[in-house]
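Chemist: Here you go, my_file.txt (compact mmCIF, N, CA, C and O atoms and all ligand atoms):
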# COMPACT_ATOMS: atom_id res chain seq x y z
N MET A 1300 61.23 -90.91 -17.80
CA MET A 1300 62.25 -91.66 -18.53
C MET A 1300 61.95 -91.54 -20.03
O MET A 1300 60.82 -91.60 -20.45
N THR A 1301 62.98 -91.38 -20.82
CA THR A 1301 62.79 -91.34 -22.27
C THR A 1301 63.24 -92.66 -22.86
O THR A 1301 63.91 -93.46 -22.20
N ALA A 1302 62.90 -92.86 -24.11
CA ALA A 1302 63.32 -94.09 -24.79
C ALA A 1302 64.84 -94.17 -24.85
O ALA A 1302 65.42 -95.25 -24.82
N ARG A 1303 65.50 -93.01 -24.91
CA ARG A 1303 66.96 -93.00 -24.99
C ARG A 1303 67.59 -93.58 -23.72
O ARG A 1303 68.63 -94.20 -23.76
N ASN A 1304 66.89 -93.40 -22.59
CA ASN A 1304 67.42 -93.90 -21.33
C ASN A 1304 67.04 -95.35 -21.06
O ASN A 1304 67.56 -95.96 -20.14
N ALA A 1305 66.13 -95.90 -21.83
CA ALA A 1305 65.69 -97.27 -21.60
C ALA A 1305 66.83 -98.24 -21.90
O ALA A 1305 67.61 -98.03 -22.82
N ARG A 1306 66.90 -99.29 -21.08
CA ARG A 1306 67.93 -100.30 -21.31
C ARG A 1306 67.53 -101.17 -22.49
O ARG A 1306 66.37 -101.58 -22.59
N PRO A 1307 68.47 -101.48 -23.37
CA PRO A 1307 68.13 -102.35 -24.49
C PRO A 1307 67.84 -103.77 -23.99
O PRO A 1307 68.45 -104.23 -23.03
N ARG A 1308 66.87 -104.42 -24.62
CA ARG A 1308 66.53 -105.80 -24.26
C ARG A 1308 66.98 -106.72 -25.36
O ARG A 1308 66.94 -106.38 -26.53
N ALA A 1309 67.43 -107.89 -24.96
CA ALA A 1309 67.89 -108.87 -25.94
C ALA A 1309 66.71 -109.34 -26.79
O ALA A 1309 65.60 -109.49 -26.29
N LEU A 1310 66.98 -109.55 -28.05
CA LEU A 1310 65.96 -110.07 -28.96
C LEU A 1310 65.83 -111.57 -28.72
O LEU A 1310 66.81 -112.30 -28.81
N ALA A 1311 64.64 -112.03 -28.37
CA ALA A 1311 64.44 -113.43 -28.02
C ALA A 1311 64.09 -114.29 -29.22
O ALA A 1311 64.50 -115.45 -29.31
N ALA A 1312 63.34 -113.75 -30.16
CA ALA A 1312 62.88 -114.55 -31.29
C ALA A 1312 62.38 -113.62 -32.38
O ALA A 1312 62.05 -112.47 -32.12
N VAL A 1313 62.35 -114.17 -33.60
CA VAL A 1313 61.82 -113.39 -34.73
C VAL A 1313 60.82 -114.26 -35.49
O VAL A 1313 61.11 -115.41 -35.82
N LEU A 1314 59.65 -113.70 -35.71
CA LEU A 1314 58.64 -114.36 -36.53
C LEU A 1314 58.60 -113.61 -37.86
O LEU A 1314 58.20 -112.45 -37.91
N HIS A 1315 59.06 -114.27 -38.90
CA HIS A 1315 59.07 -113.66 -40.23
C HIS A 1315 57.76 -114.01 -40.92
O HIS A 1315 57.41 -115.18 -41.00
N VAL A 1316 57.03 -113.02 -41.40
CA VAL A 1316 55.80 -113.27 -42.14
C VAL A 1316 55.84 -112.44 -43.42
O VAL A 1316 56.00 -111.23 -43.38
N ASP A 1317 55.72 -113.14 -44.55
CA ASP A 1317 55.61 -112.48 -45.86
C ASP A 1317 54.14 -112.60 -46.25
O ASP A 1317 53.62 -113.71 -46.38
N PHE A 1318 53.46 -111.50 -46.39
CA PHE A 1318 52.02 -111.53 -46.65
C PHE A 1318 51.67 -111.89 -48.09
O PHE A 1318 50.51 -112.05 -48.42
N GLY A 1319 52.67 -112.03 -48.93
CA GLY A 1319 52.40 -112.42 -50.31
C GLY A 1319 51.71 -111.32 -51.09
O GLY A 1319 51.56 -110.19 -50.61
N GLN A 1320 51.29 -111.67 -52.30
CA GLN A 1320 50.61 -110.71 -53.16
C GLN A 1320 49.40 -111.37 -53.78
O GLN A 1320 49.50 -112.46 -54.36
N CYS A 1321 48.26 -110.72 -53.66
CA CYS A 1321 47.00 -111.29 -54.15
C CYS A 1321 46.34 -110.29 -55.09
O CYS A 1321 46.33 -109.08 -54.82
N THR A 1322 45.78 -110.78 -56.20
CA THR A 1322 45.07 -109.88 -57.12
C THR A 1322 43.67 -109.59 -56.57
O THR A 1322 43.21 -110.25 -55.64
N ARG A 1323 42.99 -108.62 -57.16
CA ARG A 1323 41.64 -108.26 -56.70
C ARG A 1323 40.65 -109.40 -56.87
O ARG A 1323 39.66 -109.49 -56.17
N ASP A 1324 40.91 -110.29 -57.85
CA ASP A 1324 39.99 -111.42 -58.04
C ASP A 1324 40.42 -112.65 -57.24
O ASP A 1324 39.90 -113.73 -57.45
N GLY A 1325 41.37 -112.47 -56.32
CA GLY A 1325 41.69 -113.55 -55.38
C GLY A 1325 42.77 -114.51 -55.81
O GLY A 1325 42.98 -115.52 -55.15
N ARG A 1326 43.46 -114.22 -56.92
CA ARG A 1326 44.56 -115.10 -57.34
C ARG A 1326 45.83 -114.66 -56.63
O ARG A 1326 46.13 -113.48 -56.54
N TRP A 1327 46.60 -115.63 -56.13
CA TRP A 1327 47.86 -115.33 -55.47
C TRP A 1327 48.97 -115.21 -56.50
O TRP A 1327 49.23 -116.13 -57.24
N LEU A 1328 49.62 -114.03 -56.53
CA LEU A 1328 50.79 -113.86 -57.39
C LEU A 1328 52.01 -114.43 -56.68
O LEU A 1328 52.89 -115.00 -57.30
N SER A 1329 52.07 -114.24 -55.38
CA SER A 1329 53.07 -114.91 -54.54
C SER A 1329 52.38 -115.28 -53.24
O SER A 1329 51.65 -114.48 -52.66
N GLN A 1330 52.55 -116.52 -52.84
CA GLN A 1330 51.89 -117.05 -51.65
C GLN A 1330 52.48 -116.44 -50.39
O GLN A 1330 53.69 -116.19 -50.32
N PRO A 1331 51.65 -116.26 -49.35
CA PRO A 1331 52.20 -115.84 -48.06
C PRO A 1331 53.08 -116.96 -47.49
O PRO A 1331 52.87 -118.14 -47.80
N SER A 1332 54.05 -116.58 -46.71
CA SER A 1332 54.92 -117.58 -46.08
C SER A 1332 55.34 -117.07 -44.70
O SER A 1332 55.26 -115.88 -44.41
N ALA A 1333 55.78 -118.00 -43.86
CA ALA A 1333 56.20 -117.63 -42.51
C ALA A 1333 57.23 -118.61 -41.99
O ALA A 1333 57.24 -119.78 -42.38
N ARG A 1334 58.13 -118.11 -41.16
CA ARG A 1334 59.07 -118.96 -40.43
C ARG A 1334 59.41 -118.28 -39.12
O ARG A 1334 59.23 -117.07 -38.97
N TYR A 1335 59.89 -119.08 -38.18
CA TYR A 1335 60.14 -118.59 -36.84
C TYR A 1335 61.56 -118.98 -36.43
O TYR A 1335 61.95 -120.12 -36.62
N GLU A 1336 62.30 -118.02 -35.90
CA GLU A 1336 63.65 -118.29 -35.39
C GLU A 1336 63.66 -117.91 -33.91
O GLU A 1336 63.36 -116.77 -33.58
N CYS A 1337 64.03 -118.86 -33.07
CA CYS A 1337 64.08 -118.61 -31.63
C CYS A 1337 65.53 -118.49 -31.20
O CYS A 1337 66.32 -119.41 -31.40
N TYR A 1338 65.88 -117.36 -30.61
CA TYR A 1338 67.26 -117.15 -30.16
C TYR A 1338 67.48 -117.68 -28.76
O TYR A 1338 68.60 -117.73 -28.30
N ARG A 1339 66.40 -118.07 -28.06
CA ARG A 1339 66.56 -118.66 -26.72
C ARG A 1339 67.06 -120.09 -26.84
O ARG A 1339 68.02 -120.48 -26.20
N CYS A 1340 66.42 -120.90 -27.67
CA CYS A 1340 66.78 -122.31 -27.77
C CYS A 1340 67.55 -122.61 -29.06
O CYS A 1340 68.04 -123.71 -29.25
N GLY A 1341 67.63 -121.63 -29.97
CA GLY A 1341 68.33 -121.83 -31.23
C GLY A 1341 67.49 -122.59 -32.25
O GLY A 1341 67.99 -122.94 -33.32
N GLY A 1342 66.25 -122.85 -31.95
CA GLY A 1342 65.39 -123.62 -32.84
C GLY A 1342 64.76 -122.76 -33.93
O GLY A 1342 64.69 -121.53 -33.80
N THR A 1343 64.36 -123.43 -35.00
CA THR A 1343 63.61 -122.76 -36.05
C THR A 1343 62.36 -123.59 -36.32
O THR A 1343 62.35 -124.80 -36.10
N GLU A 1344 61.31 -122.94 -36.78
CA GLU A 1344 60.08 -123.63 -37.18
C GLU A 1344 59.68 -123.10 -38.54
O GLU A 1344 59.91 -121.94 -38.86
N GLY A 1345 59.12 -123.96 -39.35
CA GLY A 1345 58.74 -123.57 -40.69
C GLY A 1345 59.92 -123.75 -41.63
O GLY A 1345 60.88 -124.41 -41.29
N PRO A 1346 59.87 -123.20 -42.81
CA PRO A 1346 58.83 -122.29 -43.28
C PRO A 1346 57.56 -123.03 -43.69
O PRO A 1346 57.60 -124.22 -44.00
N VAL A 1347 56.47 -122.28 -43.68
CA VAL A 1347 55.21 -122.75 -44.23
C VAL A 1347 54.77 -121.76 -45.30
O VAL A 1347 55.15 -120.59 -45.26
N THR A 1348 54.00 -122.24 -46.26
CA THR A 1348 53.56 -121.41 -47.37
C THR A 1348 52.07 -121.60 -47.60
O THR A 1348 51.57 -122.71 -47.51
N GLY A 1349 51.39 -120.49 -47.88
CA GLY A 1349 49.95 -120.53 -48.16
C GLY A 1349 49.19 -119.80 -47.08
O GLY A 1349 49.61 -119.78 -45.92
N PRO A 1350 48.06 -119.16 -47.43
CA PRO A 1350 47.34 -118.32 -46.47
C PRO A 1350 46.85 -119.09 -45.24
O PRO A 1350 47.00 -118.61 -44.12
N HIS A 1351 46.27 -120.26 -45.40
CA HIS A 1351 45.76 -121.00 -44.25
C HIS A 1351 46.89 -121.59 -43.41
O HIS A 1351 46.88 -121.47 -42.18
N PRO A 1352 47.92 -122.23 -44.03
CA PRO A 1352 49.04 -122.71 -43.23
C PRO A 1352 49.74 -121.59 -42.45
O PRO A 1352 50.12 -121.79 -41.30
N VAL A 1353 49.89 -120.41 -43.04
CA VAL A 1353 50.56 -119.30 -42.34
C VAL A 1353 49.72 -118.88 -41.13
O VAL A 1353 50.25 -118.69 -40.03
N ALA A 1354 48.41 -118.77 -41.29
CA ALA A 1354 47.56 -118.36 -40.17
C ALA A 1354 47.65 -119.35 -39.02
O ALA A 1354 47.82 -118.96 -37.86
N SER A 1355 47.59 -120.65 -39.31
CA SER A 1355 47.64 -121.63 -38.23
C SER A 1355 49.06 -121.74 -37.67
O SER A 1355 49.24 -121.98 -36.47
N PHE A 1356 50.07 -121.51 -38.50
CA PHE A 1356 51.47 -121.54 -38.03
C PHE A 1356 51.72 -120.44 -37.00
O PHE A 1356 52.34 -120.68 -35.96
N VAL A 1357 51.23 -119.25 -37.26
CA VAL A 1357 51.43 -118.13 -36.34
C VAL A 1357 50.77 -118.45 -35.00
O VAL A 1357 51.36 -118.25 -33.93
N GLU A 1358 49.56 -118.99 -35.03
CA GLU A 1358 48.89 -119.38 -33.79
C GLU A 1358 49.67 -120.47 -33.08
O GLU A 1358 49.83 -120.45 -31.86
N HIS A 1359 50.16 -121.45 -33.84
CA HIS A 1359 50.92 -122.58 -33.28
C HIS A 1359 52.18 -122.08 -32.57
O HIS A 1359 52.47 -122.49 -31.45
N VAL A 1360 52.92 -121.20 -33.22
CA VAL A 1360 54.17 -120.71 -32.65
C VAL A 1360 53.89 -119.97 -31.35
O VAL A 1360 54.57 -120.17 -30.35
N LYS A 1361 52.88 -119.10 -31.36
CA LYS A 1361 52.58 -118.33 -30.16
C LYS A 1361 52.16 -119.24 -29.01
O LYS A 1361 52.52 -119.01 -27.87
N ARG A 1362 51.39 -120.29 -29.32
CA ARG A 1362 50.81 -121.14 -28.29
C ARG A 1362 51.76 -122.26 -27.86
O ARG A 1362 51.92 -122.53 -26.68
N VAL A 1363 52.43 -122.90 -28.82
CA VAL A 1363 53.16 -124.14 -28.54
C VAL A 1363 54.65 -123.91 -28.29
O VAL A 1363 55.20 -124.48 -27.35
N HIS A 1364 55.31 -123.10 -29.08
CA HIS A 1364 56.76 -122.98 -28.93
C HIS A 1364 57.13 -122.45 -27.55
O HIS A 1364 58.06 -122.95 -26.92
N ALA A 1365 56.42 -121.45 -27.07
CA ALA A 1365 56.75 -120.85 -25.77
C ALA A 1365 56.65 -121.87 -24.64
O ALA A 1365 57.42 -121.80 -23.68
N THR A 1366 55.75 -122.85 -24.75
CA THR A 1366 55.58 -123.82 -23.67
C THR A 1366 56.71 -124.84 -23.66
O THR A 1366 57.05 -125.37 -22.62
N ARG A 1367 57.29 -125.13 -24.82
CA ARG A 1367 58.36 -126.15 -24.83
C ARG A 1367 59.74 -125.51 -24.89
O ARG A 1367 60.75 -126.21 -24.83
N CYS A 1368 59.82 -124.19 -25.03
CA CYS A 1368 61.10 -123.51 -25.09
C CYS A 1368 61.47 -123.06 -23.68
O CYS A 1368 61.13 -121.99 -23.26
N ALA A 1369 62.14 -123.93 -22.96
CA ALA A 1369 62.51 -123.61 -21.58
C ALA A 1369 63.99 -123.34 -21.46
O ALA A 1369 64.49 -123.13 -20.37
N THR A 1370 64.69 -123.36 -22.59
CA THR A 1370 66.13 -123.15 -22.56
C THR A 1370 66.44 -121.70 -22.24
O THR A 1370 65.94 -120.82 -22.92
N PRO A 1371 67.24 -121.43 -21.20
CA PRO A 1371 67.59 -120.05 -20.91
C PRO A 1371 68.48 -119.48 -22.00
O PRO A 1371 69.11 -120.23 -22.75
N PRO A 1372 68.56 -118.14 -22.11
CA PRO A 1372 69.43 -117.53 -23.11
C PRO A 1372 70.87 -117.97 -22.93
O PRO A 1372 71.33 -118.18 -21.81
N ALA A 1373 71.58 -118.14 -24.03
CA ALA A 1373 72.98 -118.54 -23.99
C ALA A 1373 73.81 -117.46 -23.31
O ALA A 1373 73.58 -116.28 -23.51
N ALA A 1374 74.78 -117.89 -22.52
CA ALA A 1374 75.67 -116.93 -21.85
C ALA A 1374 76.61 -116.30 -22.86
O ALA A 1374 76.99 -116.94 -23.84
N ASP A 1375 76.96 -115.06 -22.64
CA ASP A 1375 77.86 -114.37 -23.56
C ASP A 1375 79.30 -114.88 -23.44
O ASP A 1375 80.02 -114.96 -24.41
N ALA A 1376 79.70 -115.25 -22.24
CA ALA A 1376 81.07 -115.72 -22.03
C ALA A 1376 81.19 -117.18 -22.45
O ALA A 1376 80.25 -117.95 -22.38
N ALA A 1377 82.38 -117.55 -22.91
CA ALA A 1377 82.62 -118.92 -23.35
C ALA A 1377 82.90 -119.82 -22.17
O ALA A 1377 83.26 -119.41 -21.12
ZN ZN B 1401 62.77 -121.58 -28.40
Mind converting the file's structure to structure tokens?
Ligand SMILES: [Zn+2]
Modeler:
Amino acid sequence: MTARNARPRALAAVLHVDFGQCTRDGRWLSQPSARYECYRCGGTEGPVTGPHPVASFVEHVKRVHATRCATPPAADAA
């Protein structure tokens, strides 16, 4: 099977992470940030800003959102 023959899968969620910009001496020119959009339940989490909040946010989303997001995907028909 080739990738061309693979069936497309619906996008369930998007985790946006901006890694920011840091100088060589450790000063942040722009802080990292992150937010999460879930297409299963329609929920959003974040945004959070800063290197430590972003790191713990990513872990939180992976661990916690999946356990409480039990809403099935919305039906295409009205
Ligand atoms: Zn969800």
Chemist: Hey, could you make a per-residue contact list for chain A against ligand ZN 1401 (chain B) with 5 Å as the cut-off, showing the nearest pair of atoms and its distance in Å to one decimal, counting only N, CA, C and O atoms and all ligand atoms, sorted by chain and number, as a tab-separated table?
Modeler:
residue	atom	partner	partner_atom	distance
A:Cys1337	CA	B:ZN1401	ZN	4.6
A:Arg1339	C	B:ZN1401	ZN	4.8
A:Cys1340	N	B:ZN1401	ZN	3.8
A:Cys1368	CA	B:ZN1401	ZN	4.2
Chemist: For a test of reading the model, state the distance in Å between CA of Arg1367 (chain A) and CA of Pro1352 (chain A), rounded to one decimal.
Modeler: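 Value for the CA of Arg1367 (chain A)-CA of Pro1352 (chain A) distance: 20.9 Å.
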Chemist: Which one of A:Tyr1338, A:His1359, A:Ala1365, A:Pro1331 sits closest to Val1313 (chain A) if you count only N, CA, C and O atoms?
Modeler: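 Checking each candidate against Val1313 (chain A), we get A:Tyr1338 as the closest.
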Chemist: Write out as a ChimeraX atom specification the residues lying within 7 Å of region 1314-1319 of chain A, counting only C-alpha atoms and excluding same-chain residues fewer than 5 positions away.
Modeler: /A:1329-1336
Chemist: Work out how far atom O of Gly1325 (chain A) is from CA of Glu1344 (chain A), in Å to one decimal.
Modeler: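 So the two atoms, CA of Glu1344 (chain A) and atom O of Gly1325 (chain A), lie 26.1 Å apart.
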Chemist: State, in Å with one decimal place, the distance from atom N of Lys1361 (chain A) to atom C of Ala1309 (chain A).
Modeler: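 Atom N of Lys1361 (chain A) sits 17.5 Å away from atom C of Ala1309 (chain A).
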Chemist: Region 1325-1372 of chain A: which residues are strand (DSSP E or B) by DSSP, as a PyMOL selection string?
Modeler: chain A and resi 1327-1329+1332-1337+1343-1348
Chemist: Since the input is missing atoms, can you rebuild all heavy atoms for region 1321-1332 of chain A and write them as an mmCIF file, keeping the file's coordinate frame?
Modeler:
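Done, and the output landed in rebuild-v2.cif:
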data_model
loop_
_atom_site.group_PDB
_atom_site.id
_atom_site.type_symbol
_atom_site.label_atom_id
_atom_site.label_comp_id
_atom_site.auth_asym_id
_atom_site.auth_seq_id
_atom_site.Cartn_x
_atom_site.Cartn_y
_atom_site.Cartn_z
ATOM 1 N N CYS A 1321 48.260 -110.720 -53.660
ATOM 2 C CA CYS A 1321 47.000 -111.290 -54.150
ATOM 3 C C CYS A 1321 46.340 -110.290 -55.090
ATOM 4 O O CYS A 1321 46.330 -109.080 -54.820
ATOM 5 C CB CYS A 1321 46.087 -111.580 -52.961
ATOM 6 S SG CYS A 1321 44.611 -112.504 -53.384
ATOM 7 N N THR A 1322 45.780 -110.780 -56.200
ATOM 8 C CA THR A 1322 45.070 -109.880 -57.120
ATOM 9 C C THR A 1322 43.670 -109.590 -56.570
ATOM 10 O O THR A 1322 43.210 -110.250 -55.640
ATOM 11 C CB THR A 1322 44.934 -110.529 -58.513
ATOM 12 O OG1 THR A 1322 44.164 -111.724 -58.374
ATOM 13 C CG2 THR A 1322 46.290 -110.832 -59.119
ATOM 14 N N ARG A 1323 42.990 -108.620 -57.160
ATOM 15 C CA ARG A 1323 41.640 -108.260 -56.700
ATOM 16 C C ARG A 1323 40.650 -109.400 -56.870
ATOM 17 O O ARG A 1323 39.660 -109.490 -56.170
ATOM 18 C CB ARG A 1323 41.144 -107.034 -57.449
ATOM 19 C CG ARG A 1323 41.862 -105.799 -57.006
ATOM 20 C CD ARG A 1323 41.333 -104.585 -57.703
ATOM 21 N NE ARG A 1323 42.154 -103.430 -57.303
ATOM 22 C CZ ARG A 1323 41.782 -102.188 -57.429
ATOM 23 N NH1 ARG A 1323 40.620 -101.908 -57.949
ATOM 24 N NH2 ARG A 1323 42.575 -101.217 -57.046
ATOM 25 N N ASP A 1324 40.910 -110.290 -57.850
ATOM 26 C CA ASP A 1324 39.990 -111.420 -58.040
ATOM 27 C C ASP A 1324 40.420 -112.650 -57.240
ATOM 28 O O ASP A 1324 39.900 -113.730 -57.450
ATOM 29 C CB ASP A 1324 39.827 -111.739 -59.532
ATOM 30 C CG ASP A 1324 41.127 -112.144 -60.197
ATOM 31 O OD1 ASP A 1324 42.194 -112.035 -59.552
ATOM 32 O OD2 ASP A 1324 41.081 -112.573 -61.363
ATOM 33 N N GLY A 1325 41.370 -112.470 -56.320
ATOM 34 C CA GLY A 1325 41.690 -113.550 -55.380
ATOM 35 C C GLY A 1325 42.770 -114.510 -55.810
ATOM 36 O O GLY A 1325 42.980 -115.520 -55.150
ATOM 37 N N ARG A 1326 43.460 -114.220 -56.920
ATOM 38 C CA ARG A 1326 44.560 -115.100 -57.340
ATOM 39 C C ARG A 1326 45.830 -114.660 -56.630
ATOM 40 O O ARG A 1326 46.130 -113.480 -56.540
ATOM 41 C CB ARG A 1326 44.785 -115.034 -58.857
ATOM 42 C CG ARG A 1326 43.750 -115.773 -59.662
ATOM 43 C CD ARG A 1326 44.028 -115.708 -61.163
ATOM 44 N NE ARG A 1326 44.159 -114.331 -61.640
ATOM 45 C CZ ARG A 1326 45.292 -113.806 -62.119
ATOM 46 N NH1 ARG A 1326 46.388 -114.537 -62.204
ATOM 47 N NH2 ARG A 1326 45.322 -112.549 -62.522
ATOM 48 N N TRP A 1327 46.600 -115.630 -56.130
ATOM 49 C CA TRP A 1327 47.860 -115.330 -55.470
ATOM 50 C C TRP A 1327 48.970 -115.210 -56.500
ATOM 51 O O TRP A 1327 49.230 -116.130 -57.240
ATOM 52 C CB TRP A 1327 48.217 -116.419 -54.462
ATOM 53 C CG TRP A 1327 47.355 -116.383 -53.249
ATOM 54 C CD1 TRP A 1327 46.275 -117.182 -52.990
ATOM 55 C CD2 TRP A 1327 47.464 -115.477 -52.149
ATOM 56 N NE1 TRP A 1327 45.711 -116.821 -51.789
ATOM 57 C CE2 TRP A 1327 46.423 -115.791 -51.255
ATOM 58 C CE3 TRP A 1327 48.332 -114.437 -51.834
ATOM 59 C CZ2 TRP A 1327 46.239 -115.092 -50.061
ATOM 60 C CZ3 TRP A 1327 48.145 -113.755 -50.651
ATOM 61 C CH2 TRP A 1327 47.116 -114.074 -49.777
ATOM 62 N N LEU A 1328 49.620 -114.030 -56.530
ATOM 63 C CA LEU A 1328 50.790 -113.860 -57.390
ATOM 64 C C LEU A 1328 52.010 -114.430 -56.680
ATOM 65 O O LEU A 1328 52.890 -115.000 -57.300
ATOM 66 C CB LEU A 1328 50.996 -112.371 -57.699
ATOM 67 C CG LEU A 1328 49.836 -111.707 -58.438
ATOM 68 C CD1 LEU A 1328 50.083 -110.218 -58.584
ATOM 69 C CD2 LEU A 1328 49.630 -112.365 -59.793
ATOM 70 N N SER A 1329 52.070 -114.240 -55.380
ATOM 71 C CA SER A 1329 53.070 -114.910 -54.540
ATOM 72 C C SER A 1329 52.380 -115.280 -53.240
ATOM 73 O O SER A 1329 51.650 -114.480 -52.660
ATOM 74 C CB SER A 1329 54.281 -114.009 -54.302
ATOM 75 O OG SER A 1329 53.920 -112.862 -53.576
ATOM 76 N N GLN A 1330 52.550 -116.520 -52.840
ATOM 77 C CA GLN A 1330 51.890 -117.050 -51.650
ATOM 78 C C GLN A 1330 52.480 -116.440 -50.390
ATOM 79 O O GLN A 1330 53.690 -116.190 -50.320
ATOM 80 C CB GLN A 1330 52.085 -118.570 -51.617
ATOM 81 C CG GLN A 1330 51.344 -119.313 -52.702
ATOM 82 C CD GLN A 1330 49.902 -119.539 -52.329
ATOM 83 O OE1 GLN A 1330 49.592 -119.918 -51.208
ATOM 84 N NE2 GLN A 1330 49.004 -119.313 -53.268
ATOM 85 N N PRO A 1331 51.650 -116.260 -49.350
ATOM 86 C CA PRO A 1331 52.200 -115.840 -48.060
ATOM 87 C C PRO A 1331 53.080 -116.960 -47.490
ATOM 88 O O PRO A 1331 52.870 -118.140 -47.800
ATOM 89 C CB PRO A 1331 50.954 -115.664 -47.190
ATOM 90 C CG PRO A 1331 49.783 -115.856 -48.043
ATOM 91 C CD PRO A 1331 50.215 -116.411 -49.347
ATOM 92 N N SER A 1332 54.050 -116.580 -46.710
ATOM 93 C CA SER A 1332 54.920 -117.580 -46.080
ATOM 94 C C SER A 1332 55.340 -117.070 -44.700
ATOM 95 O O SER A 1332 55.260 -115.880 -44.410
ATOM 96 C CB SER A 1332 56.145 -117.867 -46.949
ATOM 97 O OG SER A 1332 56.927 -116.701 -47.075
#
